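Asker: The structure under discussion is supplied below as structure tokens; questions concerning it will follow.
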Amino acid sequence: MDFQTSQSSQAPQSPHTFQVDLRGLVDLLSHHLYSSPRVYLRELLQNAVDAITARRALEPGAPARVRLTAEGGALRVEDSGVGLTEADVHNLLATIGRSSKRGGTAQGVEGLQEARADFLGQFGIGLLACFVVAERIRVVSRSARTPDARPVEWTASDDGSYTVRTLPDEARNEPGTTVHLVARAGAGEWLTEERVLALARDFGSLLPYDVRVGGEAVTDLPAPWDRPYPSPATRRVALARHCHELFGFTPLDSIELDVPLAGIRGVAYVLPSAVSPAQRARHRVHLKGMLLTERAEQLLPDWAFFVRCVLDTDSLRPTASRESLYEDETLAAVREALGERIRSWLTGLAAGDPERLAAFLAVHHLGVKSLARHDRDMLRTMLPWLPFETTDGRLSLEEFAQRHPVVHFTRTVEEFRQVAPIASAQGVGVVNGGYTYDSELVEALPSVRPGTAVAELDADTVTAHLDTVDAAEELALSGFLAAARAALDPLGCDVALRAFHPLSVPALHLDDRAARHEQARAEAEGRADDLWAGILGSLRGSAPRARLVLNHLNPLVRKVSSLGDRELIGTATESLYGQALLMAQRPLRPADSALLNRAFIGLLEWATHGDNDSGSGSGSDTAGGGQR
């Protein structure tokens, strides 16, 4: 190795060379650097392709072929590349960490520094990865740079030992390299012809040279997105088939990805079903034709979680394992450019293909909403298309704003469920802003639709839209209202009497976040010790209390309001309160659950008591005088 160490002392010290345990290093590679032994074949293909690229820099018309032959637990890989001299073998194959792609004369490939951008490998690990599946590696090579040099053979074992010797001219007549692998115990399956062919096609289908496994072609060029098709329909069918082969689904649509400045060509496939925004999308990235990774997660902006990409690039930088992308300025610029391409596709659909856009939004509206939060132009474009839940049904914000002078919205689904039926009956339009991104987009509406009035719907606004009860009638019911308020006061809830539609709703529970926070604070204060009770008490504010709005038009409320028993009025009011909570589908606090239980038992006792009273004066109604 190239590393040396020295000790600081006044007396001169002799330098020492680091010793490397090759088996330990191979174990480190297989368990921590590489995700699977399958990468050994990528390293072999990469070395062969780089060798051909190097030779073609010297001889533009040189042959460009790679042949892989697998049989009997062994693999042979032969290329027509630049080859190696004996000095190259010692400098490159026997020195861990040195790359033939570095500048300077030590690399052994002089004058090829300018071709470095055409190489796949950048880290000099090379054949070391093959020890993950092989116990012995034999390399026979002849250099194209030194025509009179004899072939050289390098043989290495996984214990770290190797031998080098020159061979007769007839051992290899043409420049190039042949690598022989002998499988290690338990790894023979990786060197079967079937497995080698599958791996070679997966890694090398877009390589620019002629690669074959046992006579079977590996490369399949041009890439599916670059092929000429007789019609757009034929292209869609071919790309859909390609997507199904790679990702296992038939796409809703395909988006061409072309970023010339970044050397990127490819396609993005739109998923046919909705996925969670939190699910990390994984994309396939080829680097100069070689598959780099099929799990690239940082390739697209987070909002573009509804597509899966496959592309080829010559600009993105791989990590040391060459299984993921290095996060740098280039990747950030590519991510922005690809995001812009998908954004342009969306605006194109809005302008020219509303049916396809509607089909897309029916599945992936969440992704577009995520984009529209930060992109006002996208929000303006999508305004007539993005669906929202409203009291008028599922509508776009544009259509809803045309119907209502004020666009009211709630911030939670629970709040919307509380008021939707009542607000709709009163002619008040409300948008459910409780779903992901919806409230943000409603609040941004005036910025893209000037003159639009937007207001958050709170308890006071709802109450203001309900009809008041005649003052004389409300005064006559003052005793009933006082008993009802006394019953709910311990729960931090007021009682109001209004007349509203629909008549079938006896009561409406209204609150807002401030009221809920105050309730939570009060409950915590009641459970706390003296110290914490004092602290929580100091936080007591003037937040509005929740309120139970009783519907004076509802027959049941009219019957309850006519009761003369104050205790029974309290029990009935608690029951109406519980029913209103359940109708709003609000989570129940422990105090609410206790109230529902208490009110239910109270009503049963009252009904049973009244039944017994009515039956006691009529004698025995059952055989034998038994009790009812």
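Residues in the structure tokens are numbered from 1 in each chain, the chains being A, B, ... in the order shown, and ligands are numbered from 1 in the order shown.
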Would you list the contacts of A:Ala476 as a list of chain:residue names, taking every protein, DNA or RNA residue within 12 Å and counting only C-alpha atoms, but skipping same-chain residues closer than 6 positions in sequence?
Answerer: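 Using only C-alpha atoms, the neighbours found are A:Val469, A:Asp470, A:Ala482, A:Ser561, A:Ser562.
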Asker: Using DSSP assignments from the backbone, pull out every residue in stretch 427-500 of chain A that falls under strand (DSSP E or B) and give it to me as JSON, numbers by chain.
Answerer: {"A": [430, 431, 432, 453, 454, 455, 456, 467, 468, 493, 494, 495, 496, 497, 498, 499]}
Asker: How many Å separate atom CA of A:Ala499 from atom CA of A:Arg558?
Answerer: 11.2 Å
Asker: With a distance cut-off of 7 Å and only C-alpha atoms, select the neighbouring residues of A:Arg498, excluding the residue or stretch itself and same-chain residues fewer than 2 positions from it, and output the selection as a VMD selection string.
Answerer: chain A and resid 466 to 469 496 500 549 to 552
Asker: Quick one: residues within 10 Å of A:Phe247, only C-alpha atoms, excluding same-chain residues fewer than 6 positions away - as a ChimeraX atom specification?
Answerer: /A:269,271,282-284,294,308-310
Asker: Tell me, as a PyMOL selection string, which residues lie within 12 Å of A:Arg394, counting only C-alpha atoms; anything in the same chain fewer than 5 positions away does not count.
Answerer: chain A and resi 362+385-389+399-400+430-432
Asker: Neighbours of A:His180 within 7 Å (only C-alpha atoms; same-chain residues fewer than 3 positions away dropped), as an MDAnalysis selection string?
Answerer: chainID A and resid 75:77 137:139
